[in-house]
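**Q** Quick one: this structure, given as structure tokens, is what I'll be asking you about.
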2 protein chains.
Amino acid sequence: MGSALNLADAVLAGSRLALARVLTQVENDTPLGREVLDGLFRHGGSAHLIGVTGSPGTGKSSLVSRIAHAYRNPPDPLNKKRVAVVAVDPTSPFTSGALLGDRVRMRELAGDEGVFIRSMASRGALGGLAQKTAAVVQVFDAAGYEIILIETVGAGQSEVDIARLAHTTLVVEAPGMGDDIQAIKAGILEIADILIINKADHAGVENTERALRLMLELSHPDRLTKSPAWAGHGVDDLEKDSWVPVILKTIATTSVGVEAVLGAIAQHHRWLEQSGAWQARERARLKSEFDWLVQSTLVARWRSALAPGEYEGALERLLRREVSPHRAVISLMLPRHSAEESDPSTRSG
Amino acid sequence: MGSALNLADAVLAGSRLALARVLTQVENDTPLGREVLDGLFRHGGSAHLIGVTGSPGTGKSSLVSRIAHAYRNPPDPLNKKRVAVVAVDPTSPFTSGALLGDRVRMRELAGDEGVFIRSMASRGALGGLAQKTAAVVQVFDAAGYEIILIETVGAGQSEVDIARLAHTTLVVEAPGMGDDIQAIKAGILEIADILIINKADHAGVENTERALRLMLELSHPDRLTKSPAWAGHGVDDLEKDSWVPVILKTIATTSVGVEAVLGAIAQHHRWLEQSGAWQARERARLKSEFDWLVQSTLVARWRSALAPGEYEGALERLLRREVSPHRAVISLMLPRHSAEESDPSTRSG
């Protein structure tokens with residue numbers, strides 16, 4: 001147990017080696033990882049979590065690299081921030097270091113002690129990639145990284161879930177990529193706080209901008225639906241008509257427009273704090289993580305208490321329609337659980 | 001207990017009164033409802049479940065009414081089918097009878113003993129509207145309704161979830177409604193097996209058709225993502241390149257095009273059976289209903305065993321960052337559950 005305390009202390013003291021080790025433990029959801037996170041958690045809560053999503057080919061990874069670089073090299077050195085990049089690829093079965101343009105990033109940010117890059121993939125993601133990402137982000141937060149860029153390959157529900165972890169969400173587009181269609185298909189547009197048209201020196205940039213503006217107008221009434229998970233927390237009311245997504249143009253290869261992106265992020269940060277949305281998002285995020293953990297813990301414990309093949313057997317009986325779904329579930333509930341279900345189960349034998 | 005058996009028998013014998021009573025019990029997830037469904041379930045499995053979704057204003061309800069009418073009055077009387085309509089409105093807090101154009105339908109289908117219309121809304125939907133709809137559909141299926149039309153007001157995740165219950169999904173559009181954008185925003189297009197442009201006598205029908213064709217082309221590579229819940233069941237492989245959604249035009253007010261819709265549904269039915277997709281969808285649907293029931297049963301039992309305020313207290317300590325999410329959850333787990341979690345929980349006191 002001393003090991004967990006030592007590791008937590010080492011992370012808080014700034015050891016990159018300890019941090020890397022803890023991230024691996026946390027990502028694999030080991031008992032040690034959980035224990036270290038238990039110790040670290042109270043030190044977090046101040047990082048600005050920035051989600052960056054967009055289709056492959058938009059130059060998103062280069063842009064993230066430039067944004068990180070800009071936070072490390074501000075006009076006023078006092079504004080210099082520690083930056084973590086969490087690159088999540090739900091489509092990749094690998095967790096190698098060469099994901100998502102890491103090599104490019106490595107070259108540009110190499111040797112900077114104030115930057116930490118971590119790639120995550122879906123390999124062995126029993127616990128849900130969004131939840132693992134949340135835990136990894138909590139480690140960086142506690143370790144004093146002030147800016148945490150969470151990069152995802154946008155287009156599915158997992159990306160939307162991961163983007164919901166963020167305080168500020170950037171959606172990256174590029175001219176001539178099917179534009180609009182790609183963006184909205186997964187409801188990505190509805191989660192965007194800042195829309196970026198990268199590769200703004202390419203042909204077709206006006207079309208992309210026009211399409212995005214049109215869709216922004218169309219989707220604006222729907223910003224109420226931004227996060228169903230937050231319903232009842234007052235976030236939606238606060239956000240209503242308060243933050244209208246901005247559209248920015250960048251050329252990541254030459255850093256054109258990157259300063260404006262940092263400006264928009266800072267502006268969004270101020271709005272989050274002034275409107276109360278920052279705190280509301282924190283609450284909503286932690287509550288949904290809590291509920292998810294309750295659920296997955298209960299299901300995991302329940303399954304581990306079953307005899308081998310018991311779950312599969314009940315499922316097969318259901319598929320053969322020998323039992324109803326409800327009866328199939330009841331048949332797998334242990335007697336000690338059955339108090340309030342005793343009525344229907346008396347017939348199941 | 002005799003009551004449940006009698007009710008099930010009465011439903012199987014064709015009593016509309018018993019059916020209505022059972023639907024109410026099942027929709028409210030009462031012990032009686034569960035027990036009747038336990039008895040009925042084995043009699044189901046042969047109905048063709050047809051999801052119909054689309055934005056308000058597309059004339060979807062009239063179209064559903066016309067489709068039901070056409071199944072009741074086929075050119076060859078031997079093809080006459082019994083039809084159930086389940087109208088689901090996740091946005092409505094009411095479960096009154098006047099939902100979703102019911103009055104129009106009532107007029108057209110009134111007095112036909114082979115048609116049963118049931119409206120559902122989100123009121124008191126603790127158990128998830130999709131799950132309740134699944135249970136209601138199982139009752140109709142067992143009661144011998146051969147065609148079950150599941151109508152939803154399309155635009156959100158709930159509609160997509162409900163549409164996933166169906167074997168065949170119809171997405172209804174109409175000219176001049178923001179068309180495309182409305183349809184794809186919620187990923188609705190990706191779940192469409194048959195696309196219908198209703199109000200085809202209105203101006204702008206060519207634009208709508210062009211937009212839908214374009215989007216169909218763009219979204220086709222993504223049909224693999226049709227249902228993440230089915231991953232691993234081989235459905236996606238089966239469906240790949242096998243069924244290309246068709247686009248049809250209708251004028252529900254005069255029944256123009258309705259026969260063609262029935263033709264396309266029959267064609268899709270044949271494809272489902274020949275490709276094996278029918279069985280794969282049955283399995284996937286029942287498995288996800290099973291898993292969902294396990295989860296919700298475990299969570300409900302767990303919560304009912306907690307002292308009042310215990311859950312809220314743990315959540316508050318988490319929000320104040322006094323404990324990590326994992327520790328907060330462990331603190332609420334009863335000792336009898338803690339076997340495999342004893343390591344981290346030894347420190348929680």
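Ligands are numbered from 1 in the order shown, chains are lettered A, B, ... in the order of the structure tokens, and residues start at 1 in each chain.
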Using only C-alpha atoms, find the residues of chain A whose closest atom to chain B is at most 7 Å away, then write them as a list of chain:residue names.
**A**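 Close to chain B, chain A has A:Pro31, A:Glu35, A:Asp38, A:Phe41, A:Arg42, A:Ile184, A:Lys185, A:Ala186, A:Gly187, A:Arg283, A:Leu286, A:Lys287, A:Phe290, A:Leu293, A:Val294, A:Gln295, A:Leu298, A:Val299, A:Leu315, A:Leu319, A:Arg321, A:Glu322, A:Val323, A:Ser324, A:Pro325, A:Arg327, A:Val329, A:Pro344.
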**Q** When you draw a straight line from CA of Leu12 in chain A to CA of Asp76 in chain A, how long is it in Å?
**A**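 Separating CA of Leu12 in chain A from CA of Asp76 in chain A is a distance of 26.1 Å.
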**Q** From the list A:Val205, A:Leu165, A:Ile67, A:Ile197, which residue is nearest Leu248 in chain A when using only C-alpha atoms?
**A** A:Ile197
**Q** Return the single residue from A:Ile50, A:Leu78, A:Glu113, A:Ser242 that is closest to Leu149 in chain A, with distances computed using only C-alpha atoms.
**A**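 Checking each of A:Ile50, A:Leu78, A:Glu113, A:Ser242 against Leu149 in chain A, counting only C-alpha atoms, the winner is A:Ile50.
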**Q** Using only C-alpha atoms, can you tell me which of A:Asp112, A:Asp29, A:Glu310, A:Asp9 comes closest to Leu129 in chain A?
**A**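 The closest residue to Leu129 in chain A is A:Asp29.
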**Q** Could you list, as a PDB file with N, CA and C atoms, in the first residue's frame, every residue within 9 Å of Thr253 in chain A, counting only C-alpha atoms and ignoring same-chain residues fewer than 4 positions away?
**A**
```pdb
ATOM      1  N   GLY A  59      -6.433  17.195 -40.357  1.00  0.00           N
ATOM      2  CA  GLY A  59      -5.218  17.797 -39.824  1.00  0.00           C
ATOM      3  C   GLY A  59      -5.340  18.094 -38.340  1.00  0.00           C
ATOM      4  N   SER A  62      -2.105  17.620 -36.103  1.00  0.00           N
ATOM      5  CA  SER A  62      -1.145  18.723 -36.239  1.00  0.00           C
ATOM      6  C   SER A  62      -1.654  19.940 -35.495  1.00  0.00           C
ATOM      7  N   LEU A  63      -2.951  20.192 -35.611  1.00  0.00           N
ATOM      8  CA  LEU A  63      -3.520  21.362 -34.948  1.00  0.00           C
ATOM      9  C   LEU A  63      -3.361  21.247 -33.433  1.00  0.00           C
ATOM     10  N   ARG A  66       0.075  22.103 -32.521  1.00  0.00           N
ATOM     11  CA  ARG A  66       0.318  23.554 -32.578  1.00  0.00           C
ATOM     12  C   ARG A  66      -0.312  24.274 -31.399  1.00  0.00           C
ATOM     13  N   LYS A 199      -6.775  23.705 -42.608  1.00  0.00           N
ATOM     14  CA  LYS A 199      -6.393  23.685 -44.026  1.00  0.00           C
ATOM     15  C   LYS A 199      -7.116  24.797 -44.773  1.00  0.00           C
TER      16      LYS A 199
END
```
**Q** Neighbours of Ala260 in chain A within 10 Å (only C-alpha atoms; same-chain residues fewer than 5 positions away dropped), as a PyMOL selection string?
**A** chain A and resi 248-250+265-266
**Q** Selected residues, N, CA and C atoms, written as a PDB file, in the first residue's frame, please.
**A**
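Output below, filename selection-v2.pdb:
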```
ATOM      1  N   LEU A 248     -13.751  29.429 -36.661  1.00  0.00           N
ATOM      2  CA  LEU A 248     -12.419  29.988 -36.898  1.00  0.00           C
ATOM      3  C   LEU A 248     -11.732  29.223 -38.026  1.00  0.00           C
ATOM      4  N   LYS A 249     -10.807  29.916 -38.710  1.00  0.00           N
ATOM      5  CA  LYS A 249     -10.050  29.244 -39.768  1.00  0.00           C
ATOM      6  C   LYS A 249      -8.572  29.149 -39.381  1.00  0.00           C
ATOM      7  N   THR A 250      -7.970  27.987 -39.613  1.00  0.00           N
ATOM      8  CA  THR A 250      -6.558  27.802 -39.275  1.00  0.00           C
ATOM      9  C   THR A 250      -5.802  27.114 -40.413  1.00  0.00           C
ATOM     10  N   ILE A 265     -10.673  29.901 -26.858  1.00  0.00           N
ATOM     11  CA  ILE A 265     -10.723  28.975 -25.718  1.00  0.00           C
ATOM     12  C   ILE A 265     -10.749  29.761 -24.404  1.00  0.00           C
ATOM     13  N   ALA A 266      -9.924  30.801 -24.331  1.00  0.00           N
ATOM     14  CA  ALA A 266      -9.874  31.626 -23.117  1.00  0.00           C
ATOM     15  C   ALA A 266     -11.218  32.325 -22.881  1.00  0.00           C
TER      16      ALA A 266
END
```
**Q** Would you work out the distance separating CA of Gly14 in chain B from CA of Gly144 in chain B, expressed in Å to one decimal?
**A**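 Calculated distance between CA of Gly14 in chain B and CA of Gly144 in chain B is 8.3 Å.
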**Q** I'd like the contact shell of Asp193 in chain B - 7 Å cut-off, only C-alpha atoms, skipping same-chain residues fewer than 5 positions apart - returned as a PyMOL selection string.
**A** chain B and resi 168-170+245-246
**Q** Put those residues in a file: N, CA, C and O atoms, as a short mmCIF file (atom, residue, chain, number, x, y, z; two decimals), in the first residue's frame.
**A**
```
data_model
loop_
_atom_site.label_atom_id
_atom_site.label_comp_id
_atom_site.auth_asym_id
_atom_site.auth_seq_id
_atom_site.Cartn_x
_atom_site.Cartn_y
_atom_site.Cartn_z
N THR B 168 -37.51 -3.71 -39.64
CA THR B 168 -37.45 -2.84 -40.81
C THR B 168 -37.74 -1.41 -40.34
O THR B 168 -38.69 -1.19 -39.61
N THR B 169 -36.89 -0.48 -40.75
CA THR B 169 -37.09 0.90 -40.31
C THR B 169 -37.40 1.82 -41.48
O THR B 169 -36.64 1.89 -42.45
N LEU B 170 -38.54 2.52 -41.37
CA LEU B 170 -38.94 3.51 -42.36
C LEU B 170 -38.64 4.89 -41.80
O LEU B 170 -39.03 5.20 -40.67
N PRO B 245 -30.68 0.97 -48.88
CA PRO B 245 -31.97 1.62 -48.61
C PRO B 245 -32.61 2.14 -49.90
O PRO B 245 -31.92 2.67 -50.77
N VAL B 246 -33.93 1.96 -50.00
CA VAL B 246 -34.64 2.49 -51.15
C VAL B 246 -35.33 3.79 -50.78
O VAL B 246 -35.62 4.04 -49.62
#
```
**Q** So which residues touch Gly176 in chain B within 10 Å, counting only C-alpha atoms, skipping near sequence neighbours fewer than 3 positions away, as number ranges by chain?
**A** B: 58, 173, 179-180, 202-205, 207-208
